[in-house]
$ cat data_2.cif   # mmCIF, C-alpha atoms
data_coords
#
loop_
_atom_site.label_atom_id
_atom_site.label_comp_id
_atom_site.auth_asym_id
_atom_site.auth_seq_id
_atom_site.Cartn_x
_atom_site.Cartn_y
_atom_site.Cartn_z
CA MET A 520 68.13 -50.38 -2.65
CA GLY A 521 65.29 -52.66 -1.73
CA ASP A 522 64.68 -50.80 1.57
CA ARG A 523 64.54 -47.49 -0.25
CA LEU A 524 62.04 -48.92 -2.72
CA LYS A 525 59.89 -50.17 0.15
CA GLN A 526 60.03 -46.74 1.80
CA LEU A 527 59.06 -45.09 -1.47
CA CYS A 528 56.17 -47.50 -1.90
CA LEU A 529 54.98 -46.74 1.64
CA VAL A 530 55.09 -43.01 0.93
CA VAL A 531 53.18 -43.45 -2.32
CA SER A 532 50.62 -45.65 -0.57
CA PHE A 533 50.16 -43.06 2.17
CA VAL A 534 49.69 -40.30 -0.41
CA MET A 535 47.19 -42.42 -2.34
CA VAL A 536 45.20 -43.15 0.81
CA PHE A 537 45.20 -39.43 1.67
CA VAL A 538 44.09 -38.48 -1.85
CA VAL A 539 41.37 -41.14 -1.90
CA SER A 540 40.16 -40.05 1.54
CA ALA A 541 40.12 -36.40 0.48
CA CYS A 542 38.23 -37.25 -2.69
CA LYS A 543 35.79 -39.32 -0.68
CA GLY A 544 35.33 -36.36 1.67
CA GLU A 545 34.66 -34.08 -1.29
CA ASP A 546 32.24 -36.62 -2.77
CA ASP A 547 30.42 -36.89 0.55
CA ALA A 548 30.16 -33.09 0.78
CA THR A 549 28.84 -32.90 -2.78
CA THR A 550 26.31 -35.66 -2.09
CA SER A 551 25.20 -33.88 1.08
CA GLN A 552 24.64 -30.64 -0.81
CA GLN A 553 22.73 -32.44 -3.55
CA ILE A 554 20.45 -34.06 -0.98
CA LEU A 555 19.79 -30.64 0.54
CA ARG A 556 19.20 -29.15 -2.90
CA ASP A 557 16.74 -31.93 -3.74
CA GLN A 558 14.86 -31.16 -0.52
CA VAL A 559 14.47 -27.52 -1.55
CA TRP A 560 13.32 -28.49 -5.04
CA SER A 561 10.78 -30.86 -3.49
CA HIS A 562 9.50 -28.02 -1.32
CA ILE A 563 9.10 -25.82 -4.40
CA GLN A 564 7.21 -28.57 -6.24
CA PHE A 565 4.97 -29.10 -3.22
CA THR A 566 4.20 -25.37 -3.12
CA GLU A 567 3.05 -25.52 -6.73
CA SER A 568 0.98 -28.67 -6.15
CA GLU A 569 -0.82 -26.89 -3.29
CA ALA A 570 -1.62 -23.74 -5.30
CA SER A 571 -5.18 -22.52 -4.80
CA TYR A 572 -5.86 -22.41 -8.53
CA LYS A 573 -4.31 -24.17 -11.49
CA GLU A 574 -5.30 -24.05 -15.13
CA ARG A 575 -3.85 -25.67 -18.22
CA LEU A 576 -3.54 -22.92 -20.81
CA SER A 577 -5.24 -23.43 -24.16
CA PRO A 578 -2.89 -23.78 -27.16
CA SER A 579 -3.76 -20.28 -28.38
CA LEU A 580 -3.26 -18.68 -24.97
CA LEU A 581 -0.02 -20.59 -24.43
CA ALA A 582 1.27 -19.41 -27.82
CA LEU A 583 0.43 -15.81 -26.88
CA HIS A 584 2.08 -16.20 -23.49
CA THR A 585 5.19 -17.74 -25.04
CA SER A 586 5.47 -14.98 -27.63
CA ASN A 587 5.55 -12.38 -24.88
CA SER A 588 7.67 -14.29 -22.37
CA ASN A 589 10.39 -14.83 -24.98
CA VAL A 590 11.34 -11.19 -24.40
CA LEU A 591 12.34 -12.13 -20.84
CA GLN A 592 13.95 -15.52 -21.40
CA ASN A 593 17.54 -14.38 -20.93
CA LYS A 594 16.67 -13.45 -17.33
CA ILE A 595 14.98 -16.73 -16.37
CA PRO A 596 17.17 -19.74 -15.44
CA GLU A 597 16.35 -23.19 -16.75
CA ASN A 598 13.60 -24.93 -14.76
CA TYR A 599 12.32 -21.62 -13.37
CA PRO A 600 8.75 -20.56 -14.16
CA GLU A 601 7.74 -17.57 -16.27
CA PRO A 602 5.71 -14.58 -15.08
CA TYR A 603 2.16 -14.72 -16.36
CA LEU A 604 1.07 -11.83 -18.55
CA PRO A 605 -2.69 -11.41 -17.96
CA TYR A 606 -4.84 -11.50 -21.05
CA GLY A 607 -8.29 -11.67 -19.46
CA GLN A 608 -8.80 -15.16 -20.88
CA LEU A 609 -8.45 -17.45 -17.88
CA VAL A 610 -11.50 -19.53 -17.02
CA ASP A 611 -11.72 -17.95 -13.56
CA ARG A 612 -12.16 -14.24 -14.25
CA ASN A 613 -12.01 -13.51 -10.54
CA ILE A 614 -8.30 -14.28 -10.75
CA ASP A 615 -7.63 -12.71 -14.13
CA PRO A 616 -10.05 -9.82 -14.74
CA GLY A 617 -10.14 -8.61 -18.32
CA LEU A 618 -8.74 -5.28 -19.42
CA ALA A 619 -10.01 -2.93 -22.09
CA TYR A 620 -6.71 -3.49 -23.86
CA GLN A 621 -4.39 -6.45 -24.21
CA PRO A 622 -1.01 -6.21 -22.45
CA PHE A 623 2.02 -7.28 -24.46
CA LEU A 624 5.80 -7.20 -24.15
CA SER A 625 8.48 -5.86 -26.45
CA GLN A 626 11.91 -4.36 -25.91
CA GLU A 627 10.62 -1.01 -27.20
CA LEU A 628 7.73 -1.01 -24.72
CA ILE A 629 10.07 -1.93 -21.86
CA GLU A 630 12.43 0.91 -22.80
CA LEU A 631 9.54 3.38 -22.84
CA GLY A 632 8.38 2.12 -19.46
CA GLU A 633 11.88 2.51 -18.03
CA ARG A 634 12.09 6.14 -19.18
CA LEU A 635 8.67 6.89 -17.68
CA PHE A 636 9.47 5.07 -14.43
CA PHE A 637 12.44 7.35 -13.69
CA ASP A 638 10.92 10.58 -15.06
CA PRO A 639 9.46 13.06 -12.50
CA VAL A 640 7.38 14.54 -15.30
CA LEU A 641 4.80 11.96 -14.18
CA SER A 642 3.96 14.02 -11.08
CA PHE A 643 2.04 17.27 -10.58
CA SER A 644 1.63 19.79 -7.78
CA PRO A 645 0.13 23.28 -7.79
CA SER A 646 3.16 24.32 -5.71
CA PRO A 647 6.00 25.30 -8.08
CA ASP A 648 8.67 24.08 -5.66
CA ARG A 649 7.09 20.60 -5.59
CA ASP A 650 5.74 20.25 -9.11
CA GLY A 651 7.45 17.52 -11.13
CA THR A 652 9.66 16.33 -8.28
CA VAL A 653 8.40 12.75 -7.78
CA SER A 654 8.88 9.76 -10.07
CA CYS A 655 8.02 6.10 -9.61
CA SER A 656 11.66 5.59 -8.62
CA SER A 657 11.29 8.08 -5.76
CA CYS A 658 9.57 5.32 -3.77
CA HIS A 659 11.08 2.35 -5.64
CA ALA A 660 14.82 3.03 -5.84
CA MET A 661 16.94 0.78 -8.05
CA ASP A 662 19.80 0.52 -5.53
CA LYS A 663 17.33 -0.65 -2.88
CA ALA A 664 15.90 -3.47 -5.01
CA PHE A 665 13.20 -1.01 -6.11
CA SER A 666 11.97 -0.37 -2.56
CA ASP A 667 12.23 2.63 -0.21
CA ASP A 668 14.53 3.00 2.81
CA ARG A 669 11.87 5.04 4.63
CA SER A 670 9.25 3.35 6.77
CA LEU A 671 6.52 5.06 4.76
CA SER A 672 7.07 6.78 1.42
CA VAL A 673 6.23 10.45 0.91
CA GLY A 674 4.11 11.74 -1.96
CA ILE A 675 4.44 15.01 -3.85
CA GLU A 676 2.27 16.94 -1.37
CA GLY A 677 3.98 15.45 1.68
CA ASP A 678 1.35 12.75 2.27
CA LYS A 679 2.70 9.51 3.67
CA THR A 680 1.71 6.21 2.14
CA ARG A 681 -0.20 3.77 4.35
CA HIS A 682 2.32 0.98 3.95
CA ASN A 683 6.02 0.50 3.35
CA SER A 684 6.96 0.46 -0.35
CA PRO A 685 7.61 -3.16 -1.37
CA SER A 686 10.39 -4.26 -3.66
CA LEU A 687 9.47 -4.57 -7.34
CA ILE A 688 12.01 -7.33 -8.02
CA ASN A 689 10.14 -10.21 -9.71
CA VAL A 690 6.87 -8.30 -9.24
CA GLY A 691 5.47 -9.92 -12.39
CA TYR A 692 5.30 -13.19 -10.42
CA GLN A 693 3.06 -11.77 -7.68
CA SER A 694 -0.65 -12.51 -7.47
CA ASN A 695 -1.39 -9.39 -5.43
CA LEU A 696 0.50 -6.13 -5.77
CA THR A 697 -0.34 -4.55 -2.43
CA TRP A 698 0.19 -5.53 1.20
CA SER A 699 -3.49 -5.93 2.02
CA PRO A 700 -6.32 -7.81 0.30
CA LEU A 701 -7.21 -5.06 -2.18
CA PHE A 702 -7.39 -7.19 -5.31
CA LEU A 703 -4.81 -5.91 -7.81
CA PRO A 704 -3.21 -8.76 -9.79
CA ILE A 705 -2.44 -6.64 -12.85
CA LEU A 706 0.40 -4.13 -12.94
CA GLU A 707 -1.40 -1.87 -15.41
CA LYS A 708 -4.25 -1.36 -12.95
CA GLN A 709 -1.98 -1.00 -9.92
CA ALA A 710 -0.06 1.84 -11.61
CA GLU A 711 -3.20 3.97 -11.58
CA ILE A 712 -3.15 4.18 -7.76
CA PRO A 713 0.10 6.15 -7.28
CA LEU A 714 -0.45 8.14 -10.47
CA PHE A 715 -4.05 9.22 -9.98
CA GLY A 716 -4.98 8.34 -6.39
CA ASP A 717 -5.73 11.14 -3.95
CA ASP A 718 -5.96 9.34 -0.59
CA PRO A 719 -3.08 9.68 -0.04
CA ILE A 720 -1.77 11.85 -2.86
CA GLU A 721 1.35 10.23 -4.28
CA MET A 722 2.00 11.63 -7.76
CA GLY A 723 -0.94 14.02 -7.94
CA LEU A 724 -2.16 13.43 -11.50
CA ARG A 725 -5.86 13.02 -10.79
CA GLY A 726 -7.71 15.30 -13.20
CA LYS A 727 -4.41 16.33 -14.80
CA GLU A 728 -4.33 13.85 -17.69
CA LEU A 729 -4.26 16.61 -20.33
CA VAL A 730 -1.46 18.38 -18.45
CA LEU A 731 0.51 15.13 -18.44
CA GLN A 732 0.02 14.68 -22.19
CA GLU A 733 1.28 18.19 -22.85
CA ARG A 734 4.32 17.65 -20.65
CA LEU A 735 5.21 14.40 -22.38
CA ARG A 736 4.86 16.07 -25.75
CA ASP A 737 7.13 18.95 -24.69
CA SER A 738 9.67 16.77 -22.85
CA ALA A 739 13.33 16.71 -23.86
CA GLU A 740 13.08 12.87 -23.78
CA ASP A 741 11.56 12.81 -27.30
CA TYR A 742 8.62 10.75 -26.14
CA ASP A 743 7.09 11.03 -29.63
CA SER A 744 9.72 8.62 -30.95
CA LEU A 745 9.63 6.38 -27.87
CA PHE A 746 5.84 5.98 -27.94
CA SER A 747 5.80 5.45 -31.72
CA ALA A 748 8.43 2.71 -31.44
CA ALA A 749 6.62 1.03 -28.53
CA PHE A 750 3.19 1.19 -30.17
CA PRO A 751 3.35 0.43 -33.89
CA GLN A 752 0.24 1.37 -35.79
CA GLN A 753 -1.43 -2.02 -35.47
CA GLU A 754 -1.18 -1.76 -31.69
CA LEU A 755 -2.70 1.73 -31.60
CA LEU A 756 -6.09 0.52 -32.78
CA TRP A 757 -7.16 -0.34 -29.24
CA LEU A 758 -5.74 2.81 -27.61
CA ASP A 759 -7.74 5.99 -27.29
CA ALA A 760 -6.23 9.04 -28.97
CA PRO A 761 -4.06 10.93 -28.30
CA LEU A 762 -1.02 8.69 -28.06
CA PHE A 763 0.12 10.08 -24.69
CA ASN A 764 -2.87 8.70 -22.79
CA TYR A 765 -2.69 6.97 -19.45
CA ASP A 766 -3.61 3.54 -20.86
CA ALA A 767 -0.42 3.60 -22.93
CA ILE A 768 1.56 4.96 -19.98
CA THR A 769 0.40 2.27 -17.55
CA LEU A 770 0.97 -0.41 -20.18
CA ALA A 771 4.58 0.73 -20.59
CA LEU A 772 5.12 0.95 -16.83
CA GLY A 773 3.73 -2.57 -16.42
CA ALA A 774 6.03 -3.92 -19.13
CA TYR A 775 9.11 -2.38 -17.51
CA GLN A 776 8.20 -3.75 -14.08
CA ARG A 777 7.71 -7.23 -15.55
CA SER A 778 11.28 -7.03 -16.83
CA LEU A 779 12.68 -6.57 -13.29
CA ILE A 780 13.55 -10.25 -12.98
CA GLN A 781 16.47 -11.30 -10.81
CA PHE A 782 17.21 -14.95 -10.21
CA ASP A 783 20.99 -14.65 -9.95
CA SER A 784 21.47 -14.52 -6.18
CA PRO A 785 23.84 -16.93 -4.38
CA PHE A 786 20.74 -18.96 -3.44
CA ASP A 787 19.71 -19.25 -7.11
CA GLN A 788 23.23 -20.16 -8.21
CA TRP A 789 23.35 -22.86 -5.57
CA LEU A 790 19.87 -24.08 -6.48
CA VAL A 791 20.87 -24.69 -10.09
CA GLY A 792 23.97 -26.66 -9.09
CA ASP A 793 26.84 -24.44 -7.93
CA ASP A 794 27.95 -26.03 -4.65
CA GLY A 795 30.25 -23.11 -3.85
CA ALA A 796 27.58 -20.41 -4.17
CA LEU A 797 26.47 -20.73 -0.53
CA THR A 798 28.81 -20.80 2.45
CA GLU A 799 28.44 -23.47 5.10
CA THR A 800 26.90 -20.85 7.40
CA GLN A 801 24.33 -19.93 4.75
CA ARG A 802 23.48 -23.59 4.11
CA MET A 803 22.92 -24.11 7.84
CA GLY A 804 20.67 -21.05 7.84
CA LEU A 805 18.80 -22.51 4.86
CA GLU A 806 18.20 -25.72 6.81
CA LEU A 807 16.71 -23.72 9.69
CA PHE A 808 14.62 -21.59 7.33
CA PHE A 809 13.09 -24.59 5.55
CA GLY A 810 12.64 -26.58 8.75
CA PHE A 811 15.14 -29.26 7.72
CA ARG A 812 17.09 -28.65 10.93
CA GLN A 813 15.61 -27.96 14.36
CA LEU A 814 16.62 -25.10 16.60
CA GLU A 815 18.57 -25.95 19.73
CA SER A 816 15.27 -25.46 21.57
CA GLY A 817 13.87 -28.46 19.65
CA VAL A 818 11.47 -26.41 17.48
CA SER A 819 11.34 -26.35 13.70
CA MET A 820 10.84 -22.85 12.31
CA ASN A 821 9.34 -23.68 8.91
CA CYS A 822 9.61 -20.07 7.66
CA SER A 823 9.06 -21.50 4.20
CA ASP A 824 5.48 -22.49 5.00
CA CYS A 825 4.56 -18.87 4.24
CA HIS A 826 7.65 -17.71 2.34
CA ALA A 827 7.38 -20.51 -0.14
CA GLY A 828 8.46 -21.60 -3.60
CA PHE A 829 10.56 -19.59 -6.03
CA MET A 830 9.13 -16.30 -4.87
CA LEU A 831 9.59 -17.11 -1.16
CA SER A 832 6.03 -15.89 -0.71
CA ASP A 833 2.69 -17.67 -0.58
CA SER A 834 1.20 -15.09 -2.95
CA PHE A 835 2.31 -15.91 -6.49
CA GLN A 836 1.22 -16.45 -10.08
CA TYR A 837 3.27 -17.91 -12.88
CA VAL A 838 3.41 -20.39 -15.74
CA ARG A 839 5.45 -23.58 -15.82
CA GLY A 840 5.23 -25.50 -19.06
CA ASP A 841 1.60 -25.05 -20.08
CA GLU A 842 0.22 -24.82 -16.53
CA PHE A 843 -0.80 -21.59 -14.79
CA TYR A 844 -0.33 -21.53 -10.98
CA TRP A 845 -2.00 -19.02 -8.66
CA ASN A 846 -1.97 -18.66 -4.91
CA GLN A 847 -2.82 -15.89 -2.49
CA GLU A 848 -2.83 -15.80 1.30
CA PHE A 849 -3.24 -13.02 3.85
CA TYR A 850 -2.53 -13.09 7.56
CA ILE A 851 -3.56 -10.86 10.45
CA SER A 852 -0.94 -9.65 12.93
CA ASP A 853 -1.89 -8.43 16.40
CA LEU A 854 0.41 -5.48 15.79
CA SER A 855 -1.17 -4.40 12.52
CA GLY A 856 -4.80 -3.81 13.35
CA PRO A 857 -7.76 -5.45 11.65
CA ASP A 858 -6.34 -5.71 8.14
CA GLY A 859 -4.67 -8.81 6.77
CA PHE A 860 -1.29 -8.75 5.04
CA LYS A 861 0.44 -11.08 2.62
CA ALA A 862 3.77 -12.72 3.27
CA PRO A 863 6.07 -10.62 1.06
CA SER A 864 8.72 -12.13 -1.14
CA LEU A 865 12.09 -12.30 0.62
CA ARG A 866 14.17 -11.92 -2.52
CA GLN A 867 16.85 -9.22 -2.31
CA ILE A 868 15.72 -8.71 1.29
CA SER A 869 19.13 -7.48 2.45
CA LEU A 870 18.53 -4.35 0.33
CA THR A 871 14.95 -3.57 1.33
CA ALA A 872 15.06 -2.45 4.98
CA PRO A 873 13.06 -1.32 6.90
CA TYR A 874 10.75 -4.31 7.07
CA GLY A 875 7.10 -5.10 7.66
CA ALA A 876 3.92 -3.57 6.27
CA PHE A 877 4.59 -0.37 8.21
CA GLY A 878 8.39 -0.41 7.98
CA ASN A 879 8.65 -0.62 11.76
CA MET A 880 11.42 -3.25 11.85
CA LEU A 881 14.80 -1.74 11.07
CA ASP A 882 16.89 -4.84 10.40
CA LEU A 883 16.67 -8.60 9.91
CA SER A 884 17.48 -9.27 13.55
CA GLN A 885 14.33 -7.39 14.59
CA VAL A 886 12.29 -9.39 12.08
CA ILE A 887 13.51 -12.69 13.55
CA GLU A 888 12.84 -11.43 17.08
CA PHE A 889 9.31 -10.38 16.09
CA TYR A 890 8.43 -13.87 14.88
CA ALA A 891 10.21 -15.49 17.83
CA SER A 892 8.09 -13.40 20.21
CA GLY A 893 4.88 -15.06 19.04
CA LYS A 894 3.22 -11.69 18.35
CA ARG A 895 2.22 -12.89 14.91
CA HIS A 896 -1.20 -14.25 15.81
CA ASN A 897 -1.14 -17.31 13.53
CA LEU A 898 2.31 -18.48 14.66
CA ASP A 899 3.68 -19.77 17.94
CA GLY A 900 6.78 -18.16 19.34
CA PHE A 901 10.09 -19.97 19.61
CA VAL A 902 13.46 -19.68 21.30
CA VAL A 903 16.34 -18.79 19.00
CA ASP A 904 19.87 -18.11 20.20
CA ASP A 905 22.34 -15.56 18.82
CA ARG A 906 24.20 -18.10 16.71
CA GLU A 907 20.97 -19.30 15.10
CA LYS A 908 19.99 -15.70 14.37
CA GLN A 909 23.31 -15.24 12.61
CA LEU A 910 22.77 -18.38 10.54
CA LEU A 911 19.30 -17.19 9.49
CA GLU A 912 20.49 -13.69 8.65
CA SER A 913 23.36 -15.11 6.64
CA PHE A 914 20.96 -17.19 4.54
CA LEU A 915 18.51 -14.32 4.07
CA GLU A 916 21.35 -12.15 2.80
CA ALA A 917 22.01 -14.82 0.13
CA LEU A 918 18.53 -14.37 -1.36
#

$ encode --input "data_2.cif" --output "structure tokens"
Amino acid sequence: MGDRLKQLCLVVSFVMVFVVSACKGEDDATTSQQILRDQVWSHIQFTESEASYKERLSPSLLALHTSNSNVLQNKIPENYPEPYLPYGQLVDRNIDPGLAYQPFLSQELIELGERLFFDPVLSFSPSPDRDGTVSCSSCHAMDKAFSDDRSLSVGIEGDKTRHNSPSLINVGYQSNLTWSPLFLPILEKQAEIPLFGDDPIEMGLRGKELVLQERLRDSAEDYDSLFSAAFPQQELLWLDAPLFNYDAITLALGAYQRSLIQFDSPFDQWLVGDDGALTETQRMGLELFFGFRQLESGVSMNCSDCHAGFMLSDSFQYVRGDEFYWNQEFYISDLSGPDGFKAPSLRQISLTAPYGAFGNMLDLSQVIEFYASGKRHNLDGFVVDDREKQLLESFLEAL
């Protein structure tokens, strides 16, 4: 009986040692992930500290910002910043130019903007077979993270856009809304380009404002009710009559685009504490991306020097607490001619191919090879093997 008891004790001891060792292994893995997570958070904080412009919002401006941003709070995780709604009241008016009207957010305005965004009634052509065939969503498709799977988008008259259509996910956080340095930090002003621009023609509404008003009035969408709900009488005081004018239209489109917030990717889930949200392969790709791990060639990539912070771009504007952060950078590529281009946000990048300002890179592998080649004039090339490419692609697909 005593021998059996000893054997049982030995078995129990072995099991306990195994369990303790396994728990220790799990604890070590959790600690390792937390260290890596802290490194990413530190990188984000450094990005904000290095912003080109910072301003503490006045109590009145902060209250106005908070009132509007509350409409979006259910889409913004804890500790994430809020998109800044421009009011034309920042000290530096070069960053925040004033508008003739004051943007605001409401669920009714967002709903109106959504209807307009997907409605081809916002396009005009003298050709009956083309008239009313293009909407905002023609070049910014929802299932492609509001981008276009063509290298260059095509307008209502067949004109091609100069650059690839960027994703609109989290566009309210961007300090510049185009690829090149044309200064457009405000969505309401940017909307005028595709609607009314004629070089190239995208939606063909230049000089057709009265036609557009008539079409909205006659639409089966009952825009009378939608506009009235979005613009209660007190808000109409600063809008020119009639109600269906382009100021109101661009305001609604801007509100809808500001609502396109997505911070629920595997990367975001991991960043807020879910250790299982990223696979080991994706975490290794993250380490390469942020320069925490060197390539086998001995080089650190530091992709996050340009694709930085929450937006994974060095062009951003947002509010954290009562502080406004703004940054904007443009780079020249030997392949792109004389114009500079911003580092686009990489969020939802697996859905937004083709890549680059001209949509000339078909997949993520080509993007990595482009940077590895050293053809980007401000960056040295590097040697990356097939396994490292796979790690990087795996991480990028988690964004």

$ residues_near_point --input "data_2.cif" --point "(12.8, -19.9, -1.3)" --cutoff "12 Å" --atoms "all atoms listed in the file" --output "ChimeraX atom specification"
/A:556,558-564,566,782,784-787,789-790,805-806,808-809,821-833,863-868,914-915,917-918

$ residues_around --input "data_2.cif" --residues "Phe702 in chain A" --least-positions-apart "5" --cutoff "12 Å" --atoms "all atoms listed in the file" --output "compact mmCIF listing (two decimals) with C-alpha atoms, in the frame of the given file"
# COMPACT_ATOMS: atom_id res chain seq x y z
CA ASN A 613 -12.01 -13.51 -10.54
CA ILE A 614 -8.30 -14.28 -10.75
CA ASP A 615 -7.63 -12.71 -14.13
CA PRO A 616 -10.05 -9.82 -14.74
CA GLN A 693 3.06 -11.77 -7.68
CA SER A 694 -0.65 -12.51 -7.47
CA ASN A 695 -1.39 -9.39 -5.43
CA LEU A 696 0.50 -6.13 -5.77
CA THR A 697 -0.34 -4.55 -2.43
CA LYS A 708 -4.25 -1.36 -12.95
CA GLN A 709 -1.98 -1.00 -9.92
CA SER A 834 1.20 -15.09 -2.95
CA GLN A 847 -2.82 -15.89 -2.49
CA GLU A 848 -2.83 -15.80 1.30
CA PHE A 849 -3.24 -13.02 3.85
CA LYS A 861 0.44 -11.08 2.62

$ atom_distance --input "data_2.cif" --atom1 "CA of Pro713 in chain A" --atom2 "CA of Asp667 in chain A"
14.5 Å

$ residues_around --input "data_2.cif" --residues "Gly840 in chain A" --least-positions-apart "2" --cutoff "8 Å" --atoms "all atoms listed in the file" --output "ChimeraX atom specification"
/A:600,838,842

$ atom_distance --input "data_2.cif" --atom1 "CA of Leu770 in chain A" --atom2 "CA of Gln626 in chain A"
13.0 Å

$ residues_near_point --input "data_2.cif" --point "(-12.7, -19.3, -21.5)" --cutoff "12 Å" --atoms "all atoms listed in the file" --output "number ranges by chain"
A: 574-577, 579-580, 606-612, 615-617

$ write_last_selection --input "data_2.cif" --atoms "C-alpha atoms" --output "JSON list (two decimals), in the coordinates of the input"
[["chain", "number", "residue", "atom", "x", "y", "z"],
["A", 574, "GLU", "CA", -5.30, -24.05, -15.13],
["A", 575, "ARG", "CA", -3.85, -25.67, -18.22],
["A", 576, "LEU", "CA", -3.54, -22.92, -20.81],
["A", 577, "SER", "CA", -5.24, -23.43, -24.16],
["A", 579, "SER", "CA", -3.76, -20.28, -28.38],
["A", 580, "LEU", "CA", -3.26, -18.68, -24.97],
["A", 606, "TYR", "CA", -4.84, -11.50, -21.05],
["A", 607, "GLY", "CA", -8.29, -11.67, -19.46],
["A", 608, "GLN", "CA", -8.80, -15.16, -20.88],
["A", 609, "LEU", "CA", -8.45, -17.45, -17.88],
["A", 610, "VAL", "CA", -11.50, -19.53, -17.02],
["A", 611, "ASP", "CA", -11.72, -17.95, -13.56],
["A", 612, "ARG", "CA", -12.16, -14.24, -14.25],
["A", 615, "ASP", "CA", -7.63, -12.71, -14.13],
["A", 616, "PRO", "CA", -10.05, -9.82, -14.74],
["A", 617, "GLY", "CA", -10.14, -8.61, -18.32]]

$ closest_atom_pairs --input "data_2.cif" --of "range 797-889 of chain A" --to "range 647-662 of chain A" --cutoff "12 Å" --atoms "all atoms listed in the file" --output "JSON lines"
{"residue": "A:Gln867", "atom": "CA", "partner": "A:Asp662", "partner_atom": "CA", "distance": 10.7}
{"residue": "A:Ser869", "atom": "CA", "partner": "A:Asp662", "partner_atom": "CA", "distance": 11.3}
{"residue": "A:Leu870", "atom": "CA", "partner": "A:Asp662", "partner_atom": "CA", "distance": 7.7}
{"residue": "A:Thr871", "atom": "CA", "partner": "A:Asp662", "partner_atom": "CA", "distance": 9.3}
{"residue": "A:Ala872", "atom": "CA", "partner": "A:Asp662", "partner_atom": "CA", "distance": 11.9}

$ residues_around --input "data_2.cif" --residues "Val640 in chain A" --least-positions-apart "4" --cutoff "12 Å" --atoms "all atoms listed in the file" --output "number ranges by chain"
A: 634-636, 644, 649-656, 675, 714, 722-724, 727-728, 730-740, 742

$ write_last_selection --input "data_2.cif" --atoms "C-alpha atoms" --output "PDB file, in the frame of the given file"
ATOM      1  CA  ARG A 634      12.090   6.140 -19.180  1.00  0.00           C
ATOM      2  CA  LEU A 635       8.670   6.890 -17.680  1.00  0.00           C
ATOM      3  CA  PHE A 636       9.470   5.070 -14.430  1.00  0.00           C
ATOM      4  CA  SER A 644       1.630  19.790  -7.780  1.00  0.00           C
ATOM      5  CA  ARG A 649       7.090  20.600  -5.590  1.00  0.00           C
ATOM      6  CA  ASP A 650       5.740  20.250  -9.110  1.00  0.00           C
ATOM      7  CA  GLY A 651       7.450  17.520 -11.130  1.00  0.00           C
ATOM      8  CA  THR A 652       9.660  16.330  -8.280  1.00  0.00           C
ATOM      9  CA  VAL A 653       8.400  12.750  -7.780  1.00  0.00           C
ATOM     10  CA  SER A 654       8.880   9.760 -10.070  1.00  0.00           C
ATOM     11  CA  CYS A 655       8.020   6.100  -9.610  1.00  0.00           C
ATOM     12  CA  SER A 656      11.660   5.590  -8.620  1.00  0.00           C
ATOM     13  CA  ILE A 675       4.440  15.010  -3.850  1.00  0.00           C
ATOM     14  CA  LEU A 714      -0.450   8.140 -10.470  1.00  0.00           C
ATOM     15  CA  MET A 722       2.000  11.630  -7.760  1.00  0.00           C
ATOM     16  CA  GLY A 723      -0.940  14.020  -7.940  1.00  0.00           C
ATOM     17  CA  LEU A 724      -2.160  13.430 -11.500  1.00  0.00           C
ATOM     18  CA  LYS A 727      -4.410  16.330 -14.800  1.00  0.00           C
ATOM     19  CA  GLU A 728      -4.330  13.850 -17.690  1.00  0.00           C
ATOM     20  CA  VAL A 730      -1.460  18.380 -18.450  1.00  0.00           C
ATOM     21  CA  LEU A 731       0.510  15.130 -18.440  1.00  0.00           C
ATOM     22  CA  GLN A 732       0.020  14.680 -22.190  1.00  0.00           C
ATOM     23  CA  GLU A 733       1.280  18.190 -22.850  1.00  0.00           C
ATOM     24  CA  ARG A 734       4.320  17.650 -20.650  1.00  0.00           C
ATOM     25  CA  LEU A 735       5.210  14.400 -22.380  1.00  0.00           C
ATOM     26  CA  ARG A 736       4.860  16.070 -25.750  1.00  0.00           C
ATOM     27  CA  ASP A 737       7.130  18.950 -24.690  1.00  0.00           C
ATOM     28  CA  SER A 738       9.670  16.770 -22.850  1.00  0.00           C
ATOM     29  CA  ALA A 739      13.330  16.710 -23.860  1.00  0.00           C
ATOM     30  CA  GLU A 740      13.080  12.870 -23.780  1.00  0.00           C
ATOM     31  CA  TYR A 742       8.620  10.750 -26.140  1.00  0.00           C
TER      32      TYR A 742
END

$ build_atoms --input "data_2.cif" --residues "range 867-872 of chain A" --atoms "N, CA and C atoms" --output "PDB file, keeping the file's coordinate frame"
ATOM      1  N   GLN A 867      16.092 -10.465  -2.442  1.00  0.00           N
ATOM      2  CA  GLN A 867      16.850  -9.220  -2.310  1.00  0.00           C
ATOM      3  C   GLN A 867      16.557  -8.522  -0.976  1.00  0.00           C
ATOM      4  N   ILE A 868      16.183  -9.299   0.039  1.00  0.00           N
ATOM      5  CA  ILE A 868      15.720  -8.710   1.290  1.00  0.00           C
ATOM      6  C   ILE A 868      16.810  -7.915   2.006  1.00  0.00           C
ATOM      7  N   SER A 869      18.067  -8.225   1.768  1.00  0.00           N
ATOM      8  CA  SER A 869      19.130  -7.480   2.450  1.00  0.00           C
ATOM      9  C   SER A 869      19.176  -6.021   1.996  1.00  0.00           C
ATOM     10  N   LEU A 870      18.513  -5.714   0.873  1.00  0.00           N
ATOM     11  CA  LEU A 870      18.530  -4.350   0.330  1.00  0.00           C
ATOM     12  C   LEU A 870      17.260  -3.565   0.642  1.00  0.00           C
ATOM     13  N   THR A 871      16.275  -4.181   1.279  1.00  0.00           N
ATOM     14  CA  THR A 871      14.950  -3.570   1.330  1.00  0.00           C
ATOM     15  C   THR A 871      14.513  -3.095   2.701  1.00  0.00           C
ATOM     16  N   ALA A 872      15.431  -2.969   3.662  1.00  0.00           N
ATOM     17  CA  ALA A 872      15.060  -2.450   4.980  1.00  0.00           C
ATOM     18  C   ALA A 872      14.530  -1.012   4.840  1.00  0.00           C
TER      19      ALA A 872
END
